[in-house]
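The data block below is work.pdb; it holds PDB, C-alpha atoms, pLDDT in the B column.
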ATOM      1  CA  MET A   1     -38.694  28.167 -52.654  1.00 62.00           C
ATOM      2  CA  GLU A   2     -36.359  25.372 -51.615  1.00 59.00           C
ATOM      3  CA  ILE A   3     -37.245  21.725 -51.177  1.00 58.00           C
ATOM      4  CA  GLU A   4     -36.939  20.642 -47.544  1.00 60.00           C
ATOM      5  CA  ASN A   5     -36.516  17.250 -45.813  1.00 59.00           C
ATOM      6  CA  ASN A   6     -38.330  14.448 -47.639  1.00 61.00           C
ATOM      7  CA  GLN A   7     -40.430  16.851 -49.670  1.00 74.00           C
ATOM      8  CA  THR A   8     -40.518  16.200 -53.422  1.00 87.00           C
ATOM      9  CA  LYS A   9     -40.880  18.772 -56.186  1.00 90.00           C
ATOM     10  CA  GLU A  10     -44.388  17.408 -56.733  1.00 91.00           C
ATOM     11  CA  ASP A  11     -45.263  18.053 -53.061  1.00 93.00           C
ATOM     12  CA  LEU A  12     -43.967  21.592 -53.357  1.00 94.00           C
ATOM     13  CA  ILE A  13     -45.967  22.165 -56.555  1.00 96.00           C
ATOM     14  CA  VAL A  14     -49.191  21.145 -54.805  1.00 96.00           C
ATOM     15  CA  GLN A  15     -48.260  23.239 -51.768  1.00 95.00           C
ATOM     16  CA  MET A  16     -47.757  26.283 -53.998  1.00 96.00           C
ATOM     17  CA  LEU A  17     -51.004  25.660 -55.907  1.00 98.00           C
ATOM     18  CA  LYS A  18     -52.806  25.688 -52.575  1.00 97.00           C
ATOM     19  CA  THR A  19     -51.698  29.322 -52.109  1.00 97.00           C
ATOM     20  CA  VAL A  20     -53.581  30.488 -55.233  1.00 97.00           C
ATOM     21  CA  PHE A  21     -57.174  31.636 -54.816  1.00 95.00           C
ATOM     22  CA  ASP A  22     -59.945  32.797 -57.087  1.00 89.00           C
ATOM     23  CA  PRO A  23     -60.595  36.288 -55.643  1.00 88.00           C
ATOM     24  CA  GLU A  24     -64.328  35.517 -55.386  1.00 87.00           C
ATOM     25  CA  ILE A  25     -64.063  32.099 -53.661  1.00 91.00           C
ATOM     26  CA  PRO A  26     -62.384  31.479 -50.272  1.00 91.00           C
ATOM     27  CA  VAL A  27     -60.922  28.087 -51.333  1.00 95.00           C
ATOM     28  CA  ASN A  28     -57.630  27.513 -53.138  1.00 97.00           C
ATOM     29  CA  ILE A  29     -57.684  26.429 -56.792  1.00 97.00           C
ATOM     30  CA  TYR A  30     -56.258  22.983 -55.995  1.00 98.00           C
ATOM     31  CA  ASP A  31     -59.024  22.108 -53.529  1.00 97.00           C
ATOM     32  CA  LEU A  32     -61.601  23.641 -55.865  1.00 96.00           C
ATOM     33  CA  GLY A  33     -60.594  20.966 -58.386  1.00 97.00           C
ATOM     34  CA  LEU A  34     -59.396  23.453 -60.990  1.00 97.00           C
ATOM     35  CA  ILE A  35     -56.080  21.639 -61.567  1.00 98.00           C
ATOM     36  CA  TYR A  36     -56.586  18.822 -64.058  1.00 98.00           C
ATOM     37  CA  ASN A  37     -53.005  17.776 -64.753  1.00 97.00           C
ATOM     38  CA  ILE A  38     -49.496  18.390 -63.418  1.00 97.00           C
ATOM     39  CA  ASP A  39     -46.761  17.247 -65.809  1.00 97.00           C
ATOM     40  CA  LEU A  40     -43.219  17.677 -64.487  1.00 95.00           C
ATOM     41  CA  ARG A  41     -40.464  16.704 -66.904  1.00 95.00           C
ATOM     42  CA  GLY A  42     -37.050  17.546 -65.557  1.00 92.00           C
ATOM     43  CA  ASN A  43     -37.125  21.284 -64.885  1.00 94.00           C
ATOM     44  CA  ASP A  44     -40.134  21.926 -67.147  1.00 96.00           C
ATOM     45  CA  LEU A  45     -43.623  22.019 -65.693  1.00 97.00           C
ATOM     46  CA  GLU A  46     -46.892  21.997 -67.599  1.00 98.00           C
ATOM     47  CA  ILE A  47     -50.205  22.553 -65.820  1.00 98.00           C
ATOM     48  CA  ASP A  48     -53.666  21.939 -67.260  1.00 98.00           C
ATOM     49  CA  MET A  49     -56.192  23.954 -65.314  1.00 97.00           C
ATOM     50  CA  THR A  50     -59.700  25.218 -65.718  1.00 97.00           C
ATOM     51  CA  LEU A  51     -61.854  27.928 -64.219  1.00 95.00           C
ATOM     52  CA  THR A  52     -65.185  27.799 -62.432  1.00 92.00           C
ATOM     53  CA  ALA A  53     -66.658  29.540 -65.499  1.00 91.00           C
ATOM     54  CA  PRO A  54     -65.184  30.070 -68.996  1.00 89.00           C
ATOM     55  CA  ASN A  55     -65.820  33.829 -68.774  1.00 91.00           C
ATOM     56  CA  CYS A  56     -64.178  34.198 -65.336  1.00 89.00           C
ATOM     57  CA  PRO A  57     -63.050  37.844 -65.034  1.00 91.00           C
ATOM     58  CA  ALA A  58     -60.051  36.796 -62.898  1.00 92.00           C
ATOM     59  CA  ALA A  59     -58.701  34.248 -65.422  1.00 93.00           C
ATOM     60  CA  ASP A  60     -55.550  36.187 -66.324  1.00 94.00           C
ATOM     61  CA  PHE A  61     -54.850  37.057 -62.680  1.00 95.00           C
ATOM     62  CA  ILE A  62     -55.204  33.426 -61.543  1.00 96.00           C
ATOM     63  CA  ALA A  63     -53.075  31.995 -64.375  1.00 96.00           C
ATOM     64  CA  GLU A  64     -50.330  34.576 -63.787  1.00 96.00           C
ATOM     65  CA  ASP A  65     -50.375  33.916 -60.031  1.00 97.00           C
ATOM     66  CA  VAL A  66     -50.000  30.166 -60.678  1.00 97.00           C
ATOM     67  CA  LYS A  67     -47.109  30.707 -63.105  1.00 97.00           C
ATOM     68  CA  GLU A  68     -45.305  33.172 -60.824  1.00 96.00           C
ATOM     69  CA  LYS A  69     -45.575  30.976 -57.738  1.00 97.00           C
ATOM     70  CA  LEU A  70     -44.536  27.783 -59.505  1.00 97.00           C
ATOM     71  CA  GLU A  71     -41.535  29.499 -61.107  1.00 95.00           C
ATOM     72  CA  SER A  72     -40.350  30.413 -57.594  1.00 95.00           C
ATOM     73  CA  ILE A  73     -39.679  26.718 -56.834  1.00 94.00           C
ATOM     74  CA  ASP A  74     -35.990  25.788 -57.022  1.00 91.00           C
ATOM     75  CA  GLY A  75     -35.353  23.446 -59.941  1.00 91.00           C
ATOM     76  CA  ILE A  76     -38.318  24.565 -62.033  1.00 94.00           C
ATOM     77  CA  ASP A  77     -37.175  26.677 -64.957  1.00 92.00           C
ATOM     78  CA  ASN A  78     -40.143  26.769 -67.305  1.00 95.00           C
ATOM     79  CA  VAL A  79     -43.849  26.779 -66.449  1.00 97.00           C
ATOM     80  CA  LYS A  80     -46.549  26.467 -69.084  1.00 97.00           C
ATOM     81  CA  ILE A  81     -50.194  26.983 -68.087  1.00 97.00           C
ATOM     82  CA  ASN A  82     -52.888  25.500 -70.332  1.00 97.00           C
ATOM     83  CA  LEU A  83     -56.408  26.777 -69.689  1.00 96.00           C
ATOM     84  CA  VAL A  84     -58.759  23.954 -70.641  1.00 96.00           C
ATOM     85  CA  PHE A  85     -62.518  23.635 -70.398  1.00 95.00           C
ATOM     86  CA  GLU A  86     -63.004  19.918 -70.972  1.00 94.00           C
ATOM     87  CA  PRO A  87     -64.231  18.382 -68.830  1.00 94.00           C
ATOM     88  CA  GLU A  88     -66.363  21.265 -67.679  1.00 94.00           C
ATOM     89  CA  TRP A  89     -65.776  22.086 -64.012  1.00 95.00           C
ATOM     90  CA  ASP A  90     -68.584  21.412 -61.549  1.00 94.00           C
ATOM     91  CA  ARG A  91     -69.005  21.370 -57.762  1.00 94.00           C
ATOM     92  CA  ASP A  92     -68.359  17.622 -57.556  1.00 95.00           C
ATOM     93  CA  MET A  93     -64.688  18.343 -58.321  1.00 96.00           C
ATOM     94  CA  ILE A  94     -64.195  20.225 -55.040  1.00 96.00           C
ATOM     95  CA  SER A  95     -62.163  18.275 -52.471  1.00 96.00           C
ATOM     96  CA  GLU A  96     -63.648  17.301 -49.111  1.00 96.00           C
ATOM     97  CA  GLU A  97     -61.486  19.988 -47.497  1.00 94.00           C
ATOM     98  CA  GLY A  98     -62.806  22.577 -49.946  1.00 95.00           C
ATOM     99  CA  LYS A  99     -66.416  21.520 -49.387  1.00 95.00           C
ATOM    100  CA  LEU A 100     -65.905  21.826 -45.652  1.00 94.00           C
ATOM    101  CA  GLU A 101     -64.452  25.329 -46.097  1.00 92.00           C
ATOM    102  CA  LEU A 102     -67.457  26.328 -48.214  1.00 92.00           C
ATOM    103  CA  GLY A 103     -69.948  24.843 -45.761  1.00 91.00           C
ATOM    104  CA  MET A 104     -71.090  22.193 -48.241  1.00 91.00           C
ATOM    105  CA  LEU A 105     -70.643  19.325 -45.755  1.00 80.00           C
TER     106      LEU A 105
END
Here is the file; what I need is its structure written in the form of structure tokens.
Amino acid sequence: MEIENNQTKEDLIVQMLKTVFDPEIPVNIYDLGLIYNIDLRGNDLEIDMTLTAPNCPAADFIAEDVKEKLESIDGIDNVKINLVFEPEWDRDMISEEGKLELGML
């Protein structure tokens, strides 16, 4: 995916993360608060992310989807996904947009 207009690589990374969904939840992983850190250094990208539960059956699917989509961004050559569980995810990490989508507001 190419960067357009005034869009930065960071904007495109967030945009791509918002296209990844946990198959059981109708909110993207970014708005769910599952992305803890985005570290872009040159063409290398490292993402710290968590899951809604450590034993999530879709963990491999979600991580692979993130990696595949982020590697499709022009100028990103290497993507490393770190699954972390500290701090433990909870509902307070969901964005306002995500809470609205889930009917929590």
Contacts of Glu10 of chain A at 12 Å (all atoms listed in the file; same-chain gap of 2+ positions) as a PyMOL selection string: chain A and resi 3+6-8+12-17+37-43+45+47+70+73-76
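Picture a line from atom CA of Val79 of chain A to atom CA of Ile94 of chain A; it runs 24.2 Å.
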Output of the PyMOL selection byres ((chain A and resi 66) around 10), listed as an NGL selection string: :A and (13 or 16-21 or 29 or 47 or 49 or 60-65 or 67-71 or 79-81)
Reference answer for the PyMOL selection byres ((chain A and resi 86) around 10), as number ranges by chain: A: 36, 49-50, 83-85, 87-89
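Distances here use only C-alpha atoms; by that measure, the residue among A:Met93, A:Leu105, A:Ala53, A:Ala58 closest to Ile35 of chain A is A:Met93.
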Atomic separation - atom CA of Leu34 of chain A relative to atom CA of Ala59 of chain A, Å: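 These atoms are spaced 11.7 Å apart.
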Show me a table, sorted first by chain and then by increasing residue number, of the residues of segment 2-82 of chain A having an atom at most 10 Å from segment 96-102 of chain A, each with its shortest atom pair and the distance in Å to one decimal, counting only C-alpha atoms and written as CSV.
residue,atom,partner,partner_atom,distance
A:Ile25,CA,A:Leu102,CA,8.6
A:Pro26,CA,A:Leu102,CA,7.5
A:Val27,CA,A:Gly98,CA,6.0
A:Asn28,CA,A:Gly98,CA,7.8
A:Ile29,CA,A:Gly98,CA,9.4
A:Tyr30,CA,A:Gly98,CA,8.9
A:Asp31,CA,A:Gly98,CA,5.2
A:Leu32,CA,A:Gly98,CA,6.1
A:Gly33,CA,A:Gly98,CA,8.9
Point-to-point distance from atom CA of Arg91 of chain A to atom CA of Met104 of chain A, Å rounded to tenths: 9.8 Å
Proximity to Cys56 of chain A - best of A:Asp11, A:Pro23, A:Asp44, A:Asn82, all atoms listed in the file: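 Among A:Asp11, A:Pro23, A:Asp44, A:Asn82, it is A:Pro23 that comes nearest to Cys56 of chain A.
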A:Ser72, A:Ser95, A:Pro57, A:Glu24 ranked by distance to Lys9 of chain A, top pick (using all atoms listed in the file):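 Nearest to Lys9 of chain A: A:Ser72.
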